[in-house]
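Data block for final-v5.cif (mmCIF, C-alpha atoms):
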data_run
#
loop_
_atom_site.label_atom_id
_atom_site.label_comp_id
_atom_site.auth_asym_id
_atom_site.auth_seq_id
_atom_site.Cartn_x
_atom_site.Cartn_y
_atom_site.Cartn_z
CA PHE O 1 -53.95 -44.89 41.18
CA PHE O 2 -52.55 -41.38 41.06
CA ARG O 3 -53.84 -40.20 44.41
CA SER O 4 -50.54 -41.28 45.90
CA ASP O 5 -47.35 -39.31 45.33
CA SER O 6 -45.16 -42.38 45.74
CA PRO O 7 -44.18 -44.38 42.62
CA HIS O 8 -43.64 -47.35 44.94
CA ASP O 9 -47.23 -47.17 46.23
CA ILE O 10 -48.67 -46.87 42.72
CA SER O 11 -46.47 -49.70 41.48
CA LYS O 12 -47.77 -51.86 44.34
CA LEU O 13 -51.34 -51.15 43.22
CA TRP O 14 -50.41 -52.17 39.67
CA THR O 15 -48.81 -55.42 40.76
CA ASP O 16 -51.84 -56.24 42.90
CA VAL O 17 -54.11 -55.75 39.90
CA LEU O 18 -51.83 -57.80 37.64
CA GLU O 19 -51.78 -60.65 40.15
CA ARG O 20 -55.57 -60.81 39.78
CA PHE O 21 -55.56 -60.37 35.99
CA PRO O 22 -52.18 -61.72 34.83
CA HIS O 23 -53.16 -62.41 31.22
CA GLU O 24 -54.54 -58.97 30.26
CA SER O 25 -52.34 -57.39 27.60
CA ASP O 26 -53.87 -53.92 28.04
CA LEU O 27 -53.07 -53.91 31.74
CA TRP O 28 -49.46 -54.91 31.12
CA GLU O 29 -49.11 -52.22 28.47
CA ASN O 30 -50.51 -49.50 30.74
CA TYR O 31 -48.24 -50.69 33.53
CA GLY O 32 -45.32 -50.40 31.11
CA TRP O 33 -46.30 -46.83 30.29
CA PHE O 34 -46.49 -45.98 34.00
CA LEU O 35 -43.05 -47.46 34.61
CA SER O 36 -41.42 -45.74 31.62
CA THR O 37 -42.99 -42.30 32.03
CA TRP O 38 -43.75 -41.71 35.69
CA ALA O 39 -41.46 -44.13 37.52
CA GLN O 40 -38.62 -43.92 34.94
CA ASP O 41 -37.95 -47.63 35.52
CA PHE O 42 -37.12 -48.66 31.98
CA GLU O 43 -35.93 -52.18 32.75
CA SER O 44 -39.22 -53.06 34.45
CA ALA O 45 -41.12 -51.24 31.70
CA ALA O 46 -39.43 -53.43 29.09
CA ASP O 47 -40.50 -56.54 31.02
CA ALA O 48 -44.07 -55.23 31.17
CA PHE O 49 -44.16 -54.62 27.42
CA ARG O 50 -42.83 -58.13 26.83
CA GLN O 51 -45.68 -59.51 28.92
CA ALA O 52 -48.19 -57.35 27.07
CA SER O 53 -46.92 -58.68 23.74
CA ARG O 54 -47.08 -62.23 25.06
CA TYR O 55 -50.79 -61.95 25.89
CA THR O 56 -52.10 -60.47 22.64
CA ASP O 57 -52.92 -62.22 19.39
CA ASN O 58 -53.44 -58.95 17.52
CA PRO O 59 -50.49 -58.38 15.13
CA LYS O 60 -51.02 -54.61 15.05
CA GLU O 61 -50.96 -54.46 18.85
CA ARG O 62 -47.84 -56.63 18.97
CA PHE O 63 -46.11 -54.30 16.49
CA ARG O 64 -46.88 -51.32 18.73
CA LEU O 65 -45.80 -53.19 21.86
CA ASN O 66 -42.51 -54.28 20.30
CA ASN O 67 -41.81 -50.64 19.43
CA ASN O 68 -42.57 -49.68 23.04
CA LEU O 69 -40.23 -52.46 24.20
CA ALA O 70 -37.39 -51.29 21.94
CA THR O 71 -37.85 -47.71 23.11
CA ALA O 72 -37.79 -48.74 26.78
CA LEU O 73 -34.61 -50.75 26.20
CA LYS O 74 -32.98 -47.78 24.47
CA ARG O 75 -33.95 -45.38 27.25
CA GLY O 76 -32.67 -47.86 29.82
CA GLY O 77 -29.26 -48.06 28.16
CA LYS O 78 -29.71 -51.62 26.85
CA PHE O 79 -28.53 -50.62 23.41
CA ASP O 80 -27.62 -54.03 22.00
CA GLU O 81 -31.04 -55.41 22.95
CA ALA O 82 -32.74 -52.27 21.66
CA GLU O 83 -30.93 -52.58 18.32
CA LYS O 84 -32.08 -56.18 17.96
CA GLU O 85 -35.71 -55.25 18.64
CA PHE O 86 -35.67 -52.18 16.38
CA LEU O 87 -34.13 -54.13 13.48
CA ALA O 88 -36.89 -56.74 13.71
CA ILE O 89 -39.49 -53.95 13.68
CA VAL O 90 -37.84 -52.25 10.69
CA GLN O 91 -37.94 -55.53 8.74
CA ARG O 92 -41.66 -55.64 9.27
CA LEU O 93 -42.04 -51.92 8.59
CA ASP O 94 -40.37 -52.42 5.18
CA LYS O 95 -43.42 -54.42 4.09
CA MET O 96 -46.05 -52.03 5.47
CA VAL O 97 -47.92 -49.15 3.89
CA ILE O 98 -47.44 -45.85 5.71
CA TYR O 99 -50.41 -43.49 6.04
CA GLU O 100 -50.80 -39.95 7.35
CA GLN O 101 -51.66 -39.61 11.02
CA GLU O 102 -54.95 -37.91 10.15
CA ASP O 103 -56.07 -41.11 8.43
CA SER O 104 -55.48 -43.34 11.46
CA TYR O 105 -59.19 -43.87 12.04
CA LYS O 106 -59.55 -45.36 8.55
CA PHE O 107 -56.90 -48.02 9.04
CA LEU O 108 -57.17 -48.66 12.76
CA ASN O 109 -57.23 -52.45 12.43
CA ARG O 110 -54.98 -52.88 9.40
CA SER O 111 -51.92 -54.85 10.48
CA ASP O 112 -50.26 -54.28 7.09
CA MET O 113 -50.28 -50.50 7.59
CA THR O 114 -48.90 -48.01 10.11
CA SER O 115 -48.91 -44.27 10.64
CA LYS O 116 -46.24 -41.81 9.59
CA GLU O 117 -45.61 -40.89 13.25
CA THR O 118 -45.05 -44.52 14.21
CA ALA O 119 -42.68 -45.08 11.30
CA LYS O 120 -40.77 -41.91 12.18
CA SER O 121 -40.41 -43.02 15.81
CA ILE O 122 -38.95 -46.35 14.69
CA TYR O 123 -36.36 -44.89 12.31
CA SER O 124 -35.51 -42.21 14.87
CA GLY O 125 -35.28 -44.70 17.74
CA LEU O 126 -32.93 -47.02 15.87
CA SER O 127 -30.78 -44.08 14.78
CA ASP O 128 -30.55 -42.85 18.39
CA THR O 129 -29.53 -46.35 19.43
CA TYR O 130 -26.72 -46.39 16.87
CA VAL O 131 -25.57 -42.95 18.01
CA ALA O 132 -25.43 -44.23 21.60
CA LYS O 133 -23.31 -47.14 20.37
CA LYS O 134 -21.10 -44.70 18.43
CA GLU O 135 -22.01 -46.42 15.16
CA ILE O 136 -22.42 -43.16 13.27
CA PRO O 137 -22.55 -44.56 9.69
CA ASN O 138 -25.39 -46.89 10.73
CA ALA O 139 -27.20 -44.01 12.45
CA LEU O 140 -27.07 -41.91 9.29
CA SER O 141 -27.95 -44.87 7.08
CA ILE O 142 -31.20 -45.62 8.93
CA LEU O 143 -32.19 -41.94 8.80
CA GLU O 144 -31.59 -41.94 5.04
CA LYS O 145 -33.69 -45.08 4.77
CA GLY O 146 -36.45 -43.39 6.70
CA LEU O 147 -36.31 -40.33 4.48
CA VAL O 148 -36.78 -42.50 1.37
CA ARG O 149 -40.18 -43.46 2.74
CA LEU O 150 -40.89 -40.23 4.63
CA SER O 151 -39.46 -37.63 2.29
CA LYS O 152 -41.06 -34.68 4.10
CA CYS O 153 -40.14 -35.83 7.61
CA PHE O 154 -38.29 -32.75 8.83
CA GLU O 155 -37.43 -34.28 12.21
CA LEU O 156 -35.29 -36.97 10.57
CA GLU O 157 -33.40 -34.23 8.71
CA ARG O 158 -32.81 -32.43 12.01
CA LYS O 159 -31.36 -35.59 13.51
CA LYS O 160 -29.03 -35.89 10.52
CA ALA O 161 -27.91 -32.31 11.09
CA LEU O 162 -27.22 -33.00 14.78
CA ILE O 163 -25.15 -36.08 13.94
CA TYR O 164 -23.12 -34.26 11.28
CA THR O 165 -22.55 -31.37 13.71
CA SER O 166 -21.33 -33.77 16.41
CA GLN O 167 -18.89 -35.22 13.87
CA LYS O 168 -17.70 -31.71 12.88
CA ASP O 169 -18.93 -32.32 9.33
CA LYS O 170 -20.15 -28.76 8.92
CA GLU O 171 -20.82 -28.96 5.19
CA ASN O 172 -23.25 -31.84 5.52
CA ALA O 173 -24.74 -30.36 8.70
CA ILE O 174 -25.52 -27.13 6.85
CA ARG O 175 -26.99 -29.13 3.98
CA ALA O 176 -29.21 -31.11 6.37
CA TYR O 177 -30.43 -27.99 8.18
CA SER O 178 -31.15 -26.32 4.83
CA ARG O 179 -33.32 -29.28 3.84
CA TYR O 180 -34.93 -29.29 7.30
CA PHE O 181 -36.13 -25.70 6.97
CA GLU O 182 -37.11 -26.26 3.33
CA ILE O 183 -39.63 -28.97 4.28
CA LEU O 184 -40.61 -27.56 7.69
CA PRO O 185 -44.37 -26.78 7.73
CA SER O 186 -45.51 -23.18 8.13
CA LYS O 187 -48.35 -24.06 10.48
CA ASN O 188 -48.52 -25.95 13.73
CA SER O 189 -49.94 -29.46 13.59
CA VAL O 190 -51.19 -31.39 16.57
CA TRP O 191 -49.49 -34.53 15.28
CA GLU O 192 -46.13 -32.80 14.87
CA ASN O 193 -46.27 -30.54 17.91
CA ALA O 194 -43.48 -32.33 19.82
CA ASP O 195 -41.12 -32.13 16.84
CA LEU O 196 -41.95 -28.48 16.18
CA LEU O 197 -40.81 -27.60 19.70
CA ASN O 198 -37.26 -28.20 18.42
CA VAL O 199 -37.47 -25.50 15.73
CA PRO O 200 -36.04 -22.59 17.81
CA ASP O 201 -33.02 -24.68 18.81
CA ALA O 202 -32.54 -25.63 15.16
CA ILE O 203 -32.60 -21.95 14.16
CA ILE O 204 -29.84 -21.11 16.63
CA ALA O 205 -27.79 -24.20 15.70
CA PHE O 206 -28.05 -23.47 11.96
CA VAL O 207 -27.06 -19.82 12.37
CA ASP O 208 -24.13 -20.81 14.62
CA LEU O 209 -22.91 -23.17 11.89
CA LEU O 210 -23.19 -20.50 9.20
CA ILE O 211 -21.39 -17.96 11.39
CA GLY O 212 -18.65 -20.49 12.08
CA GLU O 213 -18.15 -20.88 8.34
CA ASN O 214 -18.22 -17.08 7.80
CA GLN O 215 -21.39 -17.41 5.73
CA PHE O 216 -22.87 -14.23 7.16
CA ASP O 217 -24.92 -13.32 4.08
CA LYS O 218 -26.50 -16.77 4.04
CA ALA O 219 -27.25 -16.48 7.75
CA ARG O 220 -28.98 -13.10 7.26
CA GLU O 221 -30.86 -14.44 4.26
CA PHE O 222 -32.07 -17.40 6.31
CA VAL O 223 -33.31 -15.26 9.21
CA ASN O 224 -35.01 -12.80 6.85
CA ASN O 225 -36.71 -15.65 5.02
CA GLU O 226 -37.98 -17.10 8.30
CA ARG O 227 -39.43 -13.70 9.21
CA LYS O 228 -41.25 -13.56 5.88
CA LEU O 229 -42.62 -17.08 6.34
CA ASN O 230 -43.75 -16.16 9.87
CA ARG O 231 -44.37 -19.79 10.75
CA GLU O 232 -47.01 -20.65 13.31
CA MET O 233 -45.04 -22.63 15.87
CA PRO O 234 -46.15 -23.95 19.29
CA PRO O 235 -45.03 -22.08 22.42
CA PRO O 236 -42.00 -23.51 24.23
CA PHE O 237 -42.63 -26.28 26.72
CA SER O 238 -40.60 -24.35 29.30
CA PRO O 239 -40.31 -20.59 28.68
CA TYR O 240 -37.43 -20.44 31.18
CA THR O 241 -35.13 -22.79 29.28
CA ALA O 242 -36.37 -22.86 25.67
CA LEU O 243 -36.74 -19.98 23.23
CA SER O 244 -39.95 -19.27 21.38
CA TYR O 245 -39.85 -19.21 17.59
CA GLU O 246 -40.09 -15.40 17.38
CA ALA O 247 -37.52 -14.81 20.12
CA SER O 248 -35.10 -17.29 18.52
CA LEU O 249 -35.03 -15.22 15.33
CA TYR O 250 -34.04 -12.09 17.26
CA VAL O 251 -31.34 -14.03 19.13
CA ALA O 252 -30.06 -15.54 15.88
CA GLU O 253 -29.83 -12.11 14.26
CA ALA O 254 -28.08 -10.73 17.35
CA LYS O 255 -25.48 -13.48 17.03
CA ILE O 256 -24.83 -12.45 13.42
CA TYR O 257 -24.32 -8.83 14.51
CA LEU O 258 -22.00 -9.88 17.35
CA ALA O 259 -19.92 -11.95 14.93
CA ASN O 260 -19.50 -8.76 12.89
CA ASN O 261 -18.61 -6.63 15.94
CA LYS O 262 -21.85 -4.66 15.78
CA LEU O 263 -22.66 -4.52 19.48
CA GLU O 264 -25.33 -1.82 19.36
CA GLU O 265 -27.40 -3.67 16.76
CA ALA O 266 -26.94 -6.96 18.61
CA VAL O 267 -28.09 -5.44 21.91
CA GLY O 268 -31.16 -4.04 20.16
CA HIS O 269 -32.17 -7.47 18.89
CA LEU O 270 -31.45 -9.15 22.23
CA ASN O 271 -33.66 -6.60 23.95
CA LYS O 272 -36.45 -7.40 21.49
CA ALA O 273 -36.09 -11.09 22.37
CA ILE O 274 -36.23 -10.14 26.06
CA GLU O 275 -39.44 -8.18 25.49
CA ILE O 276 -40.99 -11.35 24.06
CA GLN O 277 -39.53 -13.74 26.64
CA PRO O 278 -38.00 -11.92 29.64
CA GLN O 279 -37.55 -15.09 31.69
CA ILE O 280 -35.32 -17.02 29.27
CA TYR O 281 -31.75 -17.61 30.47
CA ILE O 282 -29.96 -17.84 27.11
CA THR O 283 -30.77 -14.28 25.99
CA TRP O 284 -29.53 -12.69 29.21
CA ASP O 285 -26.38 -14.83 29.06
CA ILE O 286 -25.58 -13.68 25.52
CA LEU O 287 -26.28 -10.05 26.41
CA GLU O 288 -24.04 -10.12 29.49
CA GLN O 289 -21.24 -11.91 27.66
CA ALA O 290 -21.44 -9.35 24.86
CA TYR O 291 -20.99 -6.44 27.27
CA ILE O 292 -18.21 -8.16 29.23
CA SER O 293 -16.31 -9.09 26.06
CA LYS O 294 -16.09 -5.38 25.28
CA GLY O 295 -15.14 -4.43 28.84
CA LEU O 296 -18.47 -2.67 29.38
CA TYR O 297 -18.96 -3.77 32.97
CA ARG O 298 -21.20 -0.87 34.00
CA GLU O 299 -23.59 -1.70 31.16
CA ALA O 300 -23.38 -5.37 32.14
CA LYS O 301 -24.27 -4.46 35.72
CA GLN O 302 -27.27 -2.42 34.58
CA SER O 303 -28.41 -5.30 32.40
CA ALA O 304 -28.04 -7.80 35.26
CA GLN O 305 -30.07 -5.53 37.53
CA ARG O 306 -32.73 -5.27 34.83
CA ALA O 307 -32.86 -9.07 34.66
CA ILE O 308 -33.46 -9.13 38.42
CA ASP O 309 -36.15 -6.45 38.21
CA LEU O 310 -37.99 -8.41 35.52
CA ASN O 311 -37.36 -11.84 37.05
CA PRO O 312 -36.81 -11.55 40.82
CA THR O 313 -37.39 -15.26 41.41
CA ILE O 314 -34.98 -16.72 38.85
CA SER O 315 -31.23 -16.91 39.20
CA VAL O 316 -29.77 -15.55 35.97
CA GLY O 317 -29.68 -11.88 37.02
CA TYR O 318 -28.06 -12.63 40.37
CA LYS O 319 -25.44 -14.82 38.70
CA TRP O 320 -24.30 -12.03 36.41
CA LEU O 321 -24.61 -9.30 39.03
CA SER O 322 -22.28 -11.33 41.28
CA GLU O 323 -19.64 -11.71 38.60
CA VAL O 324 -19.79 -8.15 37.31
CA CYS O 325 -19.77 -6.53 40.77
CA TRP O 326 -16.81 -8.67 41.83
CA THR O 327 -14.90 -7.58 38.71
CA LEU O 328 -15.75 -3.94 39.48
CA GLY O 329 -14.44 -4.34 43.01
CA GLU O 330 -17.91 -3.98 44.54
CA LYS O 331 -17.38 -7.04 46.70
CA GLU O 332 -20.16 -6.57 49.23
CA GLU O 333 -22.77 -6.29 46.47
CA ALA O 334 -21.24 -9.28 44.69
CA ILE O 335 -21.44 -11.40 47.85
CA ASN O 336 -25.05 -10.36 48.48
CA ALA O 337 -25.98 -11.27 44.90
CA SER O 338 -24.31 -14.68 45.18
CA LYS O 339 -26.15 -15.21 48.48
CA LYS O 340 -29.43 -14.57 46.71
CA TYR O 341 -28.32 -16.89 43.90
CA LEU O 342 -27.85 -19.67 46.41
CA SER O 343 -31.17 -18.91 48.11
CA LEU O 344 -32.92 -19.72 44.83
CA GLY O 345 -31.83 -23.33 45.15
CA LYS O 346 -28.44 -23.16 43.47
CA GLU O 347 -25.68 -25.25 44.98
CA LYS O 348 -22.12 -24.15 45.64
CA GLU O 349 -21.04 -26.43 42.78
CA ALA O 350 -23.29 -24.45 40.44
CA LEU O 351 -21.54 -21.24 41.50
CA ASN O 352 -18.21 -22.77 40.55
CA GLN O 353 -19.36 -22.97 36.93
CA TYR O 354 -20.05 -19.25 36.67
CA LEU O 355 -18.39 -17.12 39.34
CA PRO O 356 -14.77 -16.41 40.32
CA ILE O 357 -13.54 -18.87 42.91
CA ASP O 358 -12.30 -16.07 45.20
CA LEU O 359 -15.81 -14.58 45.25
CA ILE O 360 -17.27 -17.93 46.28
CA ASP O 361 -14.64 -18.36 49.00
CA ALA O 362 -15.29 -14.84 50.28
CA TRP O 363 -19.02 -15.48 50.53
CA PHE O 364 -18.58 -18.75 52.43
CA GLN O 365 -16.12 -17.13 54.84
CA LYS O 366 -18.58 -14.39 55.71
#
The structure in this file should be written as structure tokens.
Amino acid sequence: FFRSDSPHDISKLWTDVLERFPHESDLWENYGWFLSTWAQDFESAADAFRQASRYTDNPKERFRLNNNLATALKRGGKFDEAEKEFLAIVQRLDKMVIYEQEDSYKFLNRSDMTSKETAKSIYSGLSDTYVAKKEIPNALSILEKGLVRLSKCFELERKKALIYTSQKDKENAIRAYSRYFEILPSKNSVWENADLLNVPDAIIAFVDLLIGENQFDKAREFVNNERKLNREMPPPFSPYTALSYEASLYVAEAKIYLANNKLEEAVGHLNKAIEIQPQIYITWDILEQAYISKGLYREAKQSAQRAIDLNPTISVGYKWLSEVCWTLGEKEEAINASKKYLSLGKEKEALNQYLPIDLIDAWFQK
């Protein structure tokens, strides 16, 4: 099936197979997974999961398929339909025993039981649906319900923190993040790997909240405690766009120093994060902004050039070199840097987000 690069060609193969075997639940389910993951056609995926559910008599399989259906509806923006499906699943989940993922093999065929990961996905999916519908009290309520049954489910606490942050309820957001890190495991788990990838972002978000509330001592205490715990976290899925756990702690501490006007200490910690992860955009952005905020354009230029030397094929160094050189009046160098920025696949519209409009106009007139 996957010898072809075209989703249309692969979908045609699937439909040919399903025409020959139209009553096979497993085939419909796998087709649904193809549509929802590779083709990103969530409406068709939902139809496939409906068909899969129709052709199975196994209640455990139907429970799984209905969850897949609700998720596809949510991802496809059919929030009212997704809510209806999720609520029916939650009603059934209320009567089920929840077991640890490691014990799945023991209860594989028990329709009155489900795994912790499945339960978490249901509570999380319904909460996300309520958030999309702007029904915030319902979103928080279902997370609280989930946490009654899954008291150590750190990912549900993180979702609470995100919702409270979006509602500018900083007190409850801080409380939720505190609980999140309290129950966060110290070692990586294959079953929780996807959720643990969110830990570095949570570190930065929590520290930003504490800084915003002038709770600098609590922020330092948190970072120091994380260093002592030295959690074993998975590497980032994309080292270009997501911080590693270790690098996030250096960035978080740098932010605390910057909030207290301690530039030298902040730069030291940012450079340590860069040593760990030189290709990450966020660290270079914070470093450049720190220099520019103090009017240190020569230092900012040196830092931008260093970013280019370490990462000649990514755009972040060229972006900052363009801006800093233009500010310094070094227009030819600024234009050349913006030209390189564009050559790395950036569009003119992307330049508008970062660089002075007169620099962009000058480059395009050249």
Step by step, work through what the PyMOL selection byres ((chain O and resi 116) around 7) selects in the shown file, and finish by giving those residues as a short mmCIF file (atom, residue, chain, number, x, y, z; two decimals) with C-alpha atoms, in the frame of the given file.
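Output below, filename part26.cif:
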data_model
loop_
_atom_site.label_atom_id
_atom_site.label_comp_id
_atom_site.auth_asym_id
_atom_site.auth_seq_id
_atom_site.Cartn_x
_atom_site.Cartn_y
_atom_site.Cartn_z
CA ILE O 98 -47.44 -45.85 5.71
CA TYR O 99 -50.41 -43.49 6.04
CA GLU O 100 -50.80 -39.95 7.35
CA GLN O 101 -51.66 -39.61 11.02
CA THR O 114 -48.90 -48.01 10.11
CA SER O 115 -48.91 -44.27 10.64
CA GLU O 117 -45.61 -40.89 13.25
CA THR O 118 -45.05 -44.52 14.21
CA ALA O 119 -42.68 -45.08 11.30
CA LYS O 120 -40.77 -41.91 12.18
#
Open item on the list: If the PyMOL selection byres ((chain O and resi 20-26) around 12) were run on this exact file, what residues would it hold? Put them as a count of residues only.
Closed with: 29
- [ ] Could you state which residues are captured by the PyMOL selection byres ((chain O and resi 186-201) around 9) in this file, as a PyMOL selection string?
- [x] chain O and resi 101-102+117+154-155+158+181+184-185+202-206+229-237+242-249
Open item on the list: To one decimal place in Å, what is the distance between atom CA of Glu275 of chain O and atom CA of Glu299 of chain O?
Closed with: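 Spanning atom CA of Glu275 of chain O to atom CA of Glu299 of chain O is a straight-line distance of 18.0 Å.
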Open item on the list: Would you pick out the contacts of Thr129 of chain O at 8 Å or less, using only C-alpha atoms, so that residues sharing its chain but fewer than 4 positions from it are not included, and give the list as a VMD selection string?
Closed with: chain O and resid 74 79 82 to 83 125 133 139
Please identify all polymer residues within 12 Å of Asn271 of chain O, counting all atoms listed in the file, omitting same-chain residues fewer than 5 positions from it, and present them as a short mmCIF file (atom, residue, chain, number, x, y, z; two decimals) with C-alpha atoms, in the coordinates of the input.
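Saved to out_1.cif:
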data_model
loop_
_atom_site.label_atom_id
_atom_site.label_comp_id
_atom_site.auth_asym_id
_atom_site.auth_seq_id
_atom_site.Cartn_x
_atom_site.Cartn_y
_atom_site.Cartn_z
CA ALA O 247 -37.52 -14.81 20.12
CA TYR O 250 -34.04 -12.09 17.26
CA VAL O 251 -31.34 -14.03 19.13
CA GLU O 253 -29.83 -12.11 14.26
CA ALA O 254 -28.08 -10.73 17.35
CA GLU O 264 -25.33 -1.82 19.36
CA GLU O 265 -27.40 -3.67 16.76
CA ALA O 266 -26.94 -6.96 18.61
CA ILE O 276 -40.99 -11.35 24.06
CA GLN O 277 -39.53 -13.74 26.64
CA PRO O 278 -38.00 -11.92 29.64
CA ILE O 280 -35.32 -17.02 29.27
CA THR O 283 -30.77 -14.28 25.99
CA TRP O 284 -29.53 -12.69 29.21
CA ILE O 286 -25.58 -13.68 25.52
CA LEU O 287 -26.28 -10.05 26.41
CA GLU O 288 -24.04 -10.12 29.49
CA SER O 303 -28.41 -5.30 32.40
CA ARG O 306 -32.73 -5.27 34.83
CA ALA O 307 -32.86 -9.07 34.66
#
- [ ] Have a look at O:Glu221, O:Glu85, O:Glu226, O:Asp169 and name the one nearest to Ala70 of chain O; count all atoms listed in the file.
- [x]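 Answer, going by the shortest atom-to-atom distance: O:Glu85.
Going from atom CA of Asn224 of chain O over to atom CA of Ser238 of chain O, you cover 25.9 Å.
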TODO: For atom CA of Gln167 of chain O and atom CA of Ile282 of chain O, determine how far apart the two atoms are, in Å to one decimal place.
DONE: 24.5 Å
7 Å contact set for Glu43 of chain O, all atoms listed in the file, chain neighbours under 3 positions out, as a JSON list (two decimals) with C-alpha atoms, in the frame of the given file:
[["chain", "number", "residue", "atom", "x", "y", "z"],
["O", 46, "ALA", "CA", -39.43, -53.43, 29.09],
["O", 47, "ASP", "CA", -40.50, -56.54, 31.02],
["O", 73, "LEU", "CA", -34.61, -50.75, 26.20],
["O", 76, "GLY", "CA", -32.67, -47.86, 29.82]]
Open item on the list: Using all atoms listed in the file, can you tell me which of O:Ile174, O:Leu69, O:Ile10, O:Ala304 comes closest to Gly212 of chain O?
Closed with: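 The answer is O:Ile174, which sits nearest to Gly212 of chain O.
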